[in-house]
$ cat data-v6.pdb   # PDB, C-alpha atoms, pLDDT in the B column
ATOM      1  CA  MET A 838     -23.315 -10.031   1.960  1.00 45.00           C
ATOM      2  CA  PHE A 839     -25.020  -8.567  -1.121  1.00 43.00           C
ATOM      3  CA  LYS A 840     -22.489  -5.700  -1.295  1.00 46.00           C
ATOM      4  CA  LYS A 841     -19.537  -8.139  -1.181  1.00 45.00           C
ATOM      5  CA  ALA A 842     -21.147 -10.371  -3.854  1.00 43.00           C
ATOM      6  CA  ALA A 843     -21.676  -7.317  -6.082  1.00 43.00           C
ATOM      7  CA  VAL A 844     -18.037  -6.274  -5.639  1.00 42.00           C
ATOM      8  CA  VAL A 845     -16.811  -9.791  -6.476  1.00 40.00           C
ATOM      9  CA  ALA A 846     -19.075  -9.954  -9.556  1.00 40.00           C
ATOM     10  CA  PHE A 847     -17.877  -6.504 -10.655  1.00 40.00           C
ATOM     11  CA  SER A 848     -14.253  -7.601 -10.104  1.00 41.00           C
ATOM     12  CA  TRP A 849     -14.695 -10.658 -12.291  1.00 37.00           C
ATOM     13  CA  ALA A 850     -16.338  -8.522 -14.987  1.00 38.00           C
ATOM     14  CA  LEU A 851     -13.338  -6.158 -14.977  1.00 38.00           C
ATOM     15  CA  ILE A 852     -10.878  -9.040 -15.102  1.00 39.00           C
ATOM     16  CA  GLY A 853     -12.675 -10.452 -18.126  1.00 37.00           C
ATOM     17  CA  PHE A 854     -12.162  -7.217 -20.089  1.00 36.00           C
ATOM     18  CA  SER A 855      -8.626  -6.383 -19.018  1.00 37.00           C
ATOM     19  CA  ASN A 856      -5.155  -7.873 -19.168  1.00 40.00           C
ATOM     20  CA  ILE A 857      -4.438  -6.311 -15.779  1.00 39.00           C
ATOM     21  CA  PRO A 858      -6.189  -7.849 -12.761  1.00 42.00           C
ATOM     22  CA  ALA A 859      -8.598  -5.797 -10.678  1.00 42.00           C
ATOM     23  CA  TYR A 860      -8.335  -6.122  -6.918  1.00 42.00           C
ATOM     24  CA  ALA A 861     -11.663  -4.709  -5.758  1.00 43.00           C
ATOM     25  CA  ASP A 862     -11.624  -7.095  -2.787  1.00 53.00           C
ATOM     26  CA  SER A 863      -8.814  -5.135  -1.078  1.00 80.00           C
ATOM     27  CA  ALA A 864      -6.097  -7.765  -1.502  1.00 84.00           C
ATOM     28  CA  SER A 865      -2.513  -6.879  -2.290  1.00 90.00           C
ATOM     29  CA  SER A 866      -0.600  -7.463  -5.487  1.00 92.00           C
ATOM     30  CA  ASN A 867       3.126  -7.562  -6.039  1.00 91.00           C
ATOM     31  CA  SER A 868       2.932  -6.728  -9.747  1.00 92.00           C
ATOM     32  CA  ASN A 869      -0.047  -4.700 -10.987  1.00 94.00           C
ATOM     33  CA  LEU A 870      -3.378  -3.180 -10.073  1.00 94.00           C
ATOM     34  CA  LYS A 871      -6.320  -1.653 -11.935  1.00 95.00           C
ATOM     35  CA  ILE A 872      -8.430   1.063 -10.295  1.00 95.00           C
ATOM     36  CA  GLY A 873     -11.182   2.335 -12.579  1.00 94.00           C
ATOM     37  CA  ASN A 874      -9.362   3.691 -15.648  1.00 95.00           C
ATOM     38  CA  ILE A 875      -5.984   3.763 -13.848  1.00 97.00           C
ATOM     39  CA  SER A 876      -3.426   0.960 -14.161  1.00 97.00           C
ATOM     40  CA  LEU A 877      -0.464   0.693 -11.802  1.00 97.00           C
ATOM     41  CA  SER A 878       2.301  -1.767 -12.671  1.00 97.00           C
ATOM     42  CA  ILE A 879       5.843  -2.510 -11.538  1.00 97.00           C
ATOM     43  CA  ASN A 880       8.624  -3.144 -14.048  1.00 97.00           C
ATOM     44  CA  GLY A 881      10.601  -6.396 -14.269  1.00 95.00           C
ATOM     45  CA  SER A 882      13.477  -5.139 -12.096  1.00 96.00           C
ATOM     46  CA  ARG A 883      10.911  -4.074  -9.440  1.00 96.00           C
ATOM     47  CA  THR A 884      12.267  -0.521  -9.303  1.00 96.00           C
ATOM     48  CA  LEU A 885       9.674   1.561 -11.174  1.00 97.00           C
ATOM     49  CA  LEU A 886       5.933   1.718 -10.461  1.00 97.00           C
ATOM     50  CA  THR A 887       4.153   3.239 -13.453  1.00 98.00           C
ATOM     51  CA  LYS A 888       0.659   4.779 -13.611  1.00 98.00           C
ATOM     52  CA  THR A 889      -1.092   4.681 -16.981  1.00 98.00           C
ATOM     53  CA  GLU A 890      -4.553   5.327 -18.327  1.00 97.00           C
ATOM     54  CA  ALA A 891      -6.001   1.812 -18.621  1.00 96.00           C
ATOM     55  CA  SER A 892      -8.058   2.468 -21.756  1.00 96.00           C
ATOM     56  CA  THR A 893      -5.267   4.085 -23.794  1.00 97.00           C
ATOM     57  CA  GLY A 894      -1.992   3.148 -22.083  1.00 96.00           C
ATOM     58  CA  LYS A 895      -1.121   6.857 -21.796  1.00 98.00           C
ATOM     59  CA  TRP A 896       1.687   7.423 -19.254  1.00 98.00           C
ATOM     60  CA  LEU A 897       0.488   9.436 -16.240  1.00 98.00           C
ATOM     61  CA  GLY A 898       3.223   9.057 -13.653  1.00 98.00           C
ATOM     62  CA  GLU A 899       5.862   6.975 -11.928  1.00 98.00           C
ATOM     63  CA  GLN A 900       7.436   6.284  -8.539  1.00 97.00           C
ATOM     64  CA  LYS A 901      10.988   4.937  -8.235  1.00 96.00           C
ATOM     65  CA  PHE A 902      11.939   2.228  -5.754  1.00 95.00           C
ATOM     66  CA  LYS A 903      15.157   0.606  -4.682  1.00 95.00           C
ATOM     67  CA  SER A 904      12.976  -2.492  -4.231  1.00 94.00           C
ATOM     68  CA  PHE A 905       9.192  -2.750  -4.505  1.00 95.00           C
ATOM     69  CA  ASP A 906       7.138  -5.115  -2.324  1.00 95.00           C
ATOM     70  CA  SER A 907       3.397  -4.771  -2.689  1.00 95.00           C
ATOM     71  CA  ILE A 908       0.451  -2.509  -3.505  1.00 97.00           C
ATOM     72  CA  MET A 909      -3.193  -2.585  -2.395  1.00 97.00           C
ATOM     73  CA  TRP A 910      -6.261  -0.420  -3.123  1.00 96.00           C
ATOM     74  CA  VAL A 911      -8.917   0.051  -0.431  1.00 96.00           C
ATOM     75  CA  PRO A 912     -11.957   1.444  -2.298  1.00 95.00           C
ATOM     76  CA  GLU A 913     -14.058   2.026   0.838  1.00 93.00           C
ATOM     77  CA  GLN A 914     -11.413   4.430   2.175  1.00 94.00           C
ATOM     78  CA  ASN A 915     -10.141   5.785  -1.210  1.00 96.00           C
ATOM     79  CA  VAL A 916      -6.569   4.937  -0.189  1.00 97.00           C
ATOM     80  CA  LEU A 917      -3.688   3.130  -1.821  1.00 97.00           C
ATOM     81  CA  PHE A 918      -1.086   1.247   0.236  1.00 97.00           C
ATOM     82  CA  VAL A 919       2.365   0.933  -1.332  1.00 97.00           C
ATOM     83  CA  SER A 920       5.316  -0.840   0.293  1.00 95.00           C
ATOM     84  CA  GLY A 921       8.983  -1.204  -0.460  1.00 94.00           C
ATOM     85  CA  ARG A 922      12.291   0.589  -0.157  1.00 93.00           C
ATOM     86  CA  LEU A 923      12.060   3.946  -1.882  1.00 92.00           C
ATOM     87  CA  GLU A 924      14.824   5.117  -4.192  1.00 89.00           C
ATOM     88  CA  ASN A 925      17.912   6.199  -2.186  1.00 86.00           C
ATOM     89  CA  SER A 926      16.676   4.444   0.962  1.00 87.00           C
ATOM     90  CA  ASN A 927      17.527   1.230   2.806  1.00 87.00           C
ATOM     91  CA  ILE A 928      14.429   1.423   4.992  1.00 85.00           C
ATOM     92  CA  SER A 929      11.370  -0.677   4.225  1.00 90.00           C
ATOM     93  CA  VAL A 930       8.280   1.537   4.472  1.00 94.00           C
ATOM     94  CA  LEU A 931       4.536   1.118   3.997  1.00 96.00           C
ATOM     95  CA  VAL A 932       2.934   4.319   2.711  1.00 97.00           C
ATOM     96  CA  LYS A 933      -0.772   5.231   2.660  1.00 98.00           C
ATOM     97  CA  ILE A 934      -1.663   7.446  -0.329  1.00 98.00           C
ATOM     98  CA  LYS A 935      -4.825   9.505  -0.885  1.00 97.00           C
ATOM     99  CA  GLY A 936      -6.546   8.228  -4.036  1.00 96.00           C
ATOM    100  CA  THR A 937      -3.927   7.188  -6.563  1.00 96.00           C
ATOM    101  CA  GLY A 938      -1.602  10.113  -5.918  1.00 97.00           C
ATOM    102  CA  GLY A 939      -0.550  12.627  -8.538  1.00 97.00           C
ATOM    103  CA  THR A 940       1.157  12.538 -11.909  1.00 97.00           C
ATOM    104  CA  GLY A 941       4.665  12.888 -13.284  1.00 97.00           C
ATOM    105  CA  GLN A 942       7.889  11.607 -11.765  1.00 96.00           C
ATOM    106  CA  ASN A 943       7.607  10.959  -8.015  1.00 96.00           C
ATOM    107  CA  MET A 944       3.811  10.775  -8.418  1.00 98.00           C
ATOM    108  CA  PHE A 945       3.311  10.230  -4.684  1.00 98.00           C
ATOM    109  CA  ALA A 946       5.600  13.215  -3.819  1.00 97.00           C
ATOM    110  CA  LEU A 947       7.633  11.174  -1.330  1.00 95.00           C
ATOM    111  CA  ASN A 948      11.015  11.770   0.253  1.00 91.00           C
ATOM    112  CA  PRO A 949      13.315   8.690   0.583  1.00 86.00           C
ATOM    113  CA  ASP A 950      12.154   8.187   4.187  1.00 85.00           C
ATOM    114  CA  GLY A 951       8.476   7.970   3.160  1.00 89.00           C
ATOM    115  CA  SER A 952       7.599  11.466   4.354  1.00 92.00           C
ATOM    116  CA  SER A 953       5.723  13.910   2.151  1.00 94.00           C
ATOM    117  CA  MET A 954       7.528  16.495   0.068  1.00 95.00           C
ATOM    118  CA  PRO A 955       6.671  20.096   1.019  1.00 94.00           C
ATOM    119  CA  LYS A 956       3.431  21.493  -0.481  1.00 95.00           C
ATOM    120  CA  TYR A 957       2.050  18.037  -1.411  1.00 96.00           C
ATOM    121  CA  SER A 958      -0.619  16.051   0.412  1.00 95.00           C
ATOM    122  CA  TYR A 959      -0.855  12.708  -1.415  1.00 97.00           C
ATOM    123  CA  ARG A 960       0.799  10.840   1.475  1.00 97.00           C
ATOM    124  CA  LEU A 961      -1.581  10.315   4.370  1.00 98.00           C
ATOM    125  CA  GLY A 962       0.781   8.247   6.493  1.00 97.00           C
ATOM    126  CA  SER A 963       3.779   5.943   6.570  1.00 96.00           C
ATOM    127  CA  GLN A 964       5.057   3.096   8.716  1.00 95.00           C
ATOM    128  CA  PHE A 965       8.631   1.816   8.888  1.00 91.00           C
ATOM    129  CA  LEU A 966       8.847  -1.960   8.923  1.00 87.00           C
ATOM    130  CA  SER A 967      11.598  -4.380   9.922  1.00 81.00           C
ATOM    131  CA  ASP A 968      11.375  -6.200   6.584  1.00 86.00           C
ATOM    132  CA  ASN A 969       9.437  -6.515   3.312  1.00 88.00           C
ATOM    133  CA  VAL A 970       5.635  -6.672   3.132  1.00 92.00           C
ATOM    134  CA  ILE A 971       4.649 -10.034   1.650  1.00 91.00           C
ATOM    135  CA  ASN A 972       0.875  -9.712   1.927  1.00 93.00           C
ATOM    136  CA  MET A 973      -1.827  -7.151   2.770  1.00 96.00           C
ATOM    137  CA  ARG A 974      -5.585  -7.503   3.065  1.00 96.00           C
ATOM    138  CA  TYR A 975      -8.414  -5.207   4.102  1.00 96.00           C
ATOM    139  CA  ASN A 976     -11.800  -6.403   5.366  1.00 94.00           C
ATOM    140  CA  GLY A 977     -12.887  -3.530   7.609  1.00 95.00           C
ATOM    141  CA  ASN A 978      -9.491  -3.769   9.313  1.00 96.00           C
ATOM    142  CA  LEU A 979      -6.032  -3.925   7.785  1.00 97.00           C
ATOM    143  CA  ARG A 980      -3.832  -7.033   7.918  1.00 96.00           C
ATOM    144  CA  VAL A 981      -0.154  -6.551   7.021  1.00 96.00           C
ATOM    145  CA  GLU A 982       2.242  -9.497   6.864  1.00 94.00           C
ATOM    146  CA  ILE A 983       5.978  -8.867   6.745  1.00 92.00           C
ATOM    147  CA  LYS A 984       8.792 -11.309   6.055  1.00 85.00           C
ATOM    148  CA  ARG A 985      10.987 -12.180   9.041  1.00 71.00           C
ATOM    149  CA  SER A 986      13.347 -15.042   9.650  1.00 68.00           C
ATOM    150  CA  PRO A 987      12.370 -17.754  10.392  1.00 74.00           C
ATOM    151  CA  LYS A 988       8.659 -16.764  10.462  1.00 79.00           C
ATOM    152  CA  SER A 989       6.625 -13.853   9.171  1.00 86.00           C
ATOM    153  CA  ARG A 990       5.019 -11.262  11.458  1.00 90.00           C
ATOM    154  CA  VAL A 991       1.413 -10.139  11.017  1.00 94.00           C
ATOM    155  CA  TYR A 992      -0.023  -6.822  12.201  1.00 95.00           C
ATOM    156  CA  TRP A 993      -3.812  -6.465  12.509  1.00 97.00           C
ATOM    157  CA  ILE A 994      -4.673  -2.747  12.387  1.00 97.00           C
ATOM    158  CA  ARG A 995      -7.999  -1.071  13.201  1.00 97.00           C
ATOM    159  CA  GLY A 996      -9.438   0.406   9.990  1.00 97.00           C
ATOM    160  CA  THR A 997      -6.500   1.616   7.904  1.00 97.00           C
ATOM    161  CA  GLY A 998      -4.584   3.090  10.826  1.00 97.00           C
ATOM    162  CA  GLY A 999      -3.865   6.751  11.370  1.00 97.00           C
ATOM    163  CA  THR A1000      -1.893   9.409   9.541  1.00 96.00           C
ATOM    164  CA  GLY A1001       1.589  10.904   9.608  1.00 95.00           C
ATOM    165  CA  ASP A1002       4.816   9.115  10.495  1.00 93.00           C
ATOM    166  CA  ASN A1003       4.273   5.871  12.432  1.00 95.00           C
ATOM    167  CA  MET A1004       0.640   5.742  11.243  1.00 96.00           C
ATOM    168  CA  PHE A1005      -0.022   2.575  13.278  1.00 97.00           C
ATOM    169  CA  ALA A1006       1.362   4.262  16.451  1.00 96.00           C
ATOM    170  CA  LEU A1007       3.678   1.373  17.317  1.00 95.00           C
ATOM    171  CA  VAL A1008       6.308   1.594  20.058  1.00 94.00           C
ATOM    172  CA  ASN A1009       9.732   1.926  18.382  1.00 89.00           C
ATOM    173  CA  ASN A1010       7.860   2.312  15.086  1.00 81.00           C
ATOM    174  CA  GLN A1011       7.541  -1.485  14.659  1.00 81.00           C
ATOM    175  CA  ASP A1012       7.153  -3.311  17.994  1.00 86.00           C
ATOM    176  CA  CYS A1013       3.958  -5.277  18.666  1.00 89.00           C
ATOM    177  CA  GLN A1014       2.833  -2.710  21.202  1.00 93.00           C
ATOM    178  CA  SER A1015       0.740   0.458  20.847  1.00 95.00           C
ATOM    179  CA  MET A1016       1.987   3.840  21.944  1.00 96.00           C
ATOM    180  CA  ASP A1017       0.081   5.281  24.910  1.00 96.00           C
ATOM    181  CA  GLY A1018      -3.209   6.872  23.864  1.00 96.00           C
ATOM    182  CA  TYR A1019      -3.521   5.028  20.511  1.00 97.00           C
ATOM    183  CA  ASN A1020      -5.536   1.943  19.637  1.00 96.00           C
ATOM    184  CA  TYR A1021      -4.765   1.228  15.969  1.00 97.00           C
ATOM    185  CA  LEU A1022      -2.963  -2.049  16.758  1.00 97.00           C
ATOM    186  CA  LEU A1023      -5.561  -4.787  17.314  1.00 97.00           C
ATOM    187  CA  LYS A1024      -3.040  -7.602  17.666  1.00 95.00           C
ATOM    188  CA  CYS A1025       0.254  -8.830  16.349  1.00 92.00           C
ATOM    189  CA  GLY A1026       1.659 -12.292  15.851  1.00 87.00           C
ATOM    190  CA  ASP A1027       4.387 -14.364  14.295  1.00 77.00           C
TER
END

$ encode --input "data-v6.pdb" --output "structure tokens"
Amino acid sequence: MFKKAAVVAFSWALIGFSNIPAYADSASSNSNLKIGNISLSINGSRTLLTKTEASTGKWLGEQKFKSFDSIMWVPEQNVLFVSGRLENSNISVLVKIKGTGGTGQNMFALNPDGSSMPKYSYRLGSQFLSDNVINMRYNGNLRVEIKRSPKSRVYWIRGTGGTGDNMFALVNNQDCQSMDGYNYLLKCGD
């Protein structure tokens, strides 16, 4: 309880000194995020995620999207979750990134399908989804909510899931059923 209270107090202190919200409680944002001295923000057309130095505004990197959904920092695991349709792709993907990735254009070194470009290791894992992520939360386990008609679907994942393609080890890469030998999926519901 004390650790959570300290994180919340620290979060409010950061918010008071910054125009960009801090999400130290592992909740997702669909616009911007501050991690230490790093700011991540999406542009108005929701196609370019930019990384800047928070104290100076210095440009550090960018990642292009066809459409951006959501971003979430999990400090306990030092991972960043980013969801959307990457540039030149029609597939909605949730990607787990080590730290805050790299710098320059394509700062996460991703191919359009969410896989890692050769010789880069920023991407820890990716998961194809049937639709857009509308909410994520982490509280020891990951909760991912995606938009579906007429209801949304929620995946509860043990920890932050695994690595590689299909990091949640779901049958057909999105069904509410675990692949044999994996136990990342805790439950799933509409």

$ resolve_selection --input "data-v6.pdb" --expression "the PyMOL selection byres ((chain A and resi 979) around 12)" --output "JSON, numbers by chain"
{"A": [863, 864, 865, 909, 910, 911, 914, 916, 918, 933, 972, 973, 974, 975, 976, 977, 978, 980, 981, 982, 991, 992, 993, 994, 995, 996, 997, 998, 999, 1005, 1021, 1022, 1023, 1024, 1025]}

$ closest_residue --input "data-v6.pdb" --among "A:Gly941, A:Gly951, A:Gly1018, A:Gly873" --to "Arg922 of chain A" --atoms "only C-alpha atoms"
A:Gly951

$ residues_around --input "data-v6.pdb" --residues "Ser876 of chain A" --least-positions-apart "6" --cutoff "10 Å" --atoms "all atoms listed in the file" --output "PyMOL selection string"
chain A and resi 857-859+869-870+887-892+894-897+937

$ atom_distance --input "data-v6.pdb" --atom1 "atom CA of Leu947 of chain A" --atom2 "atom CA of Met1004 of chain A"
15.4 Å

$ closest_residue --input "data-v6.pdb" --among "A:Ser952, A:Asn1003, A:Ser920, A:Asn969" --to "Ser907 of chain A" --atoms "all atoms listed in the file"
A:Ser920

$ closest_residue --input "data-v6.pdb" --among "A:Ser967, A:Gln900, A:Asn925, A:Ser878" --to "Ala946 of chain A" --atoms "all atoms listed in the file"
A:Gln900

$ closest_residue --input "data-v6.pdb" --among "A:Asn874, A:Ser929, A:Gln1014, A:Gln942" --to "Ser963 of chain A" --atoms "all atoms listed in the file"
A:Ser929
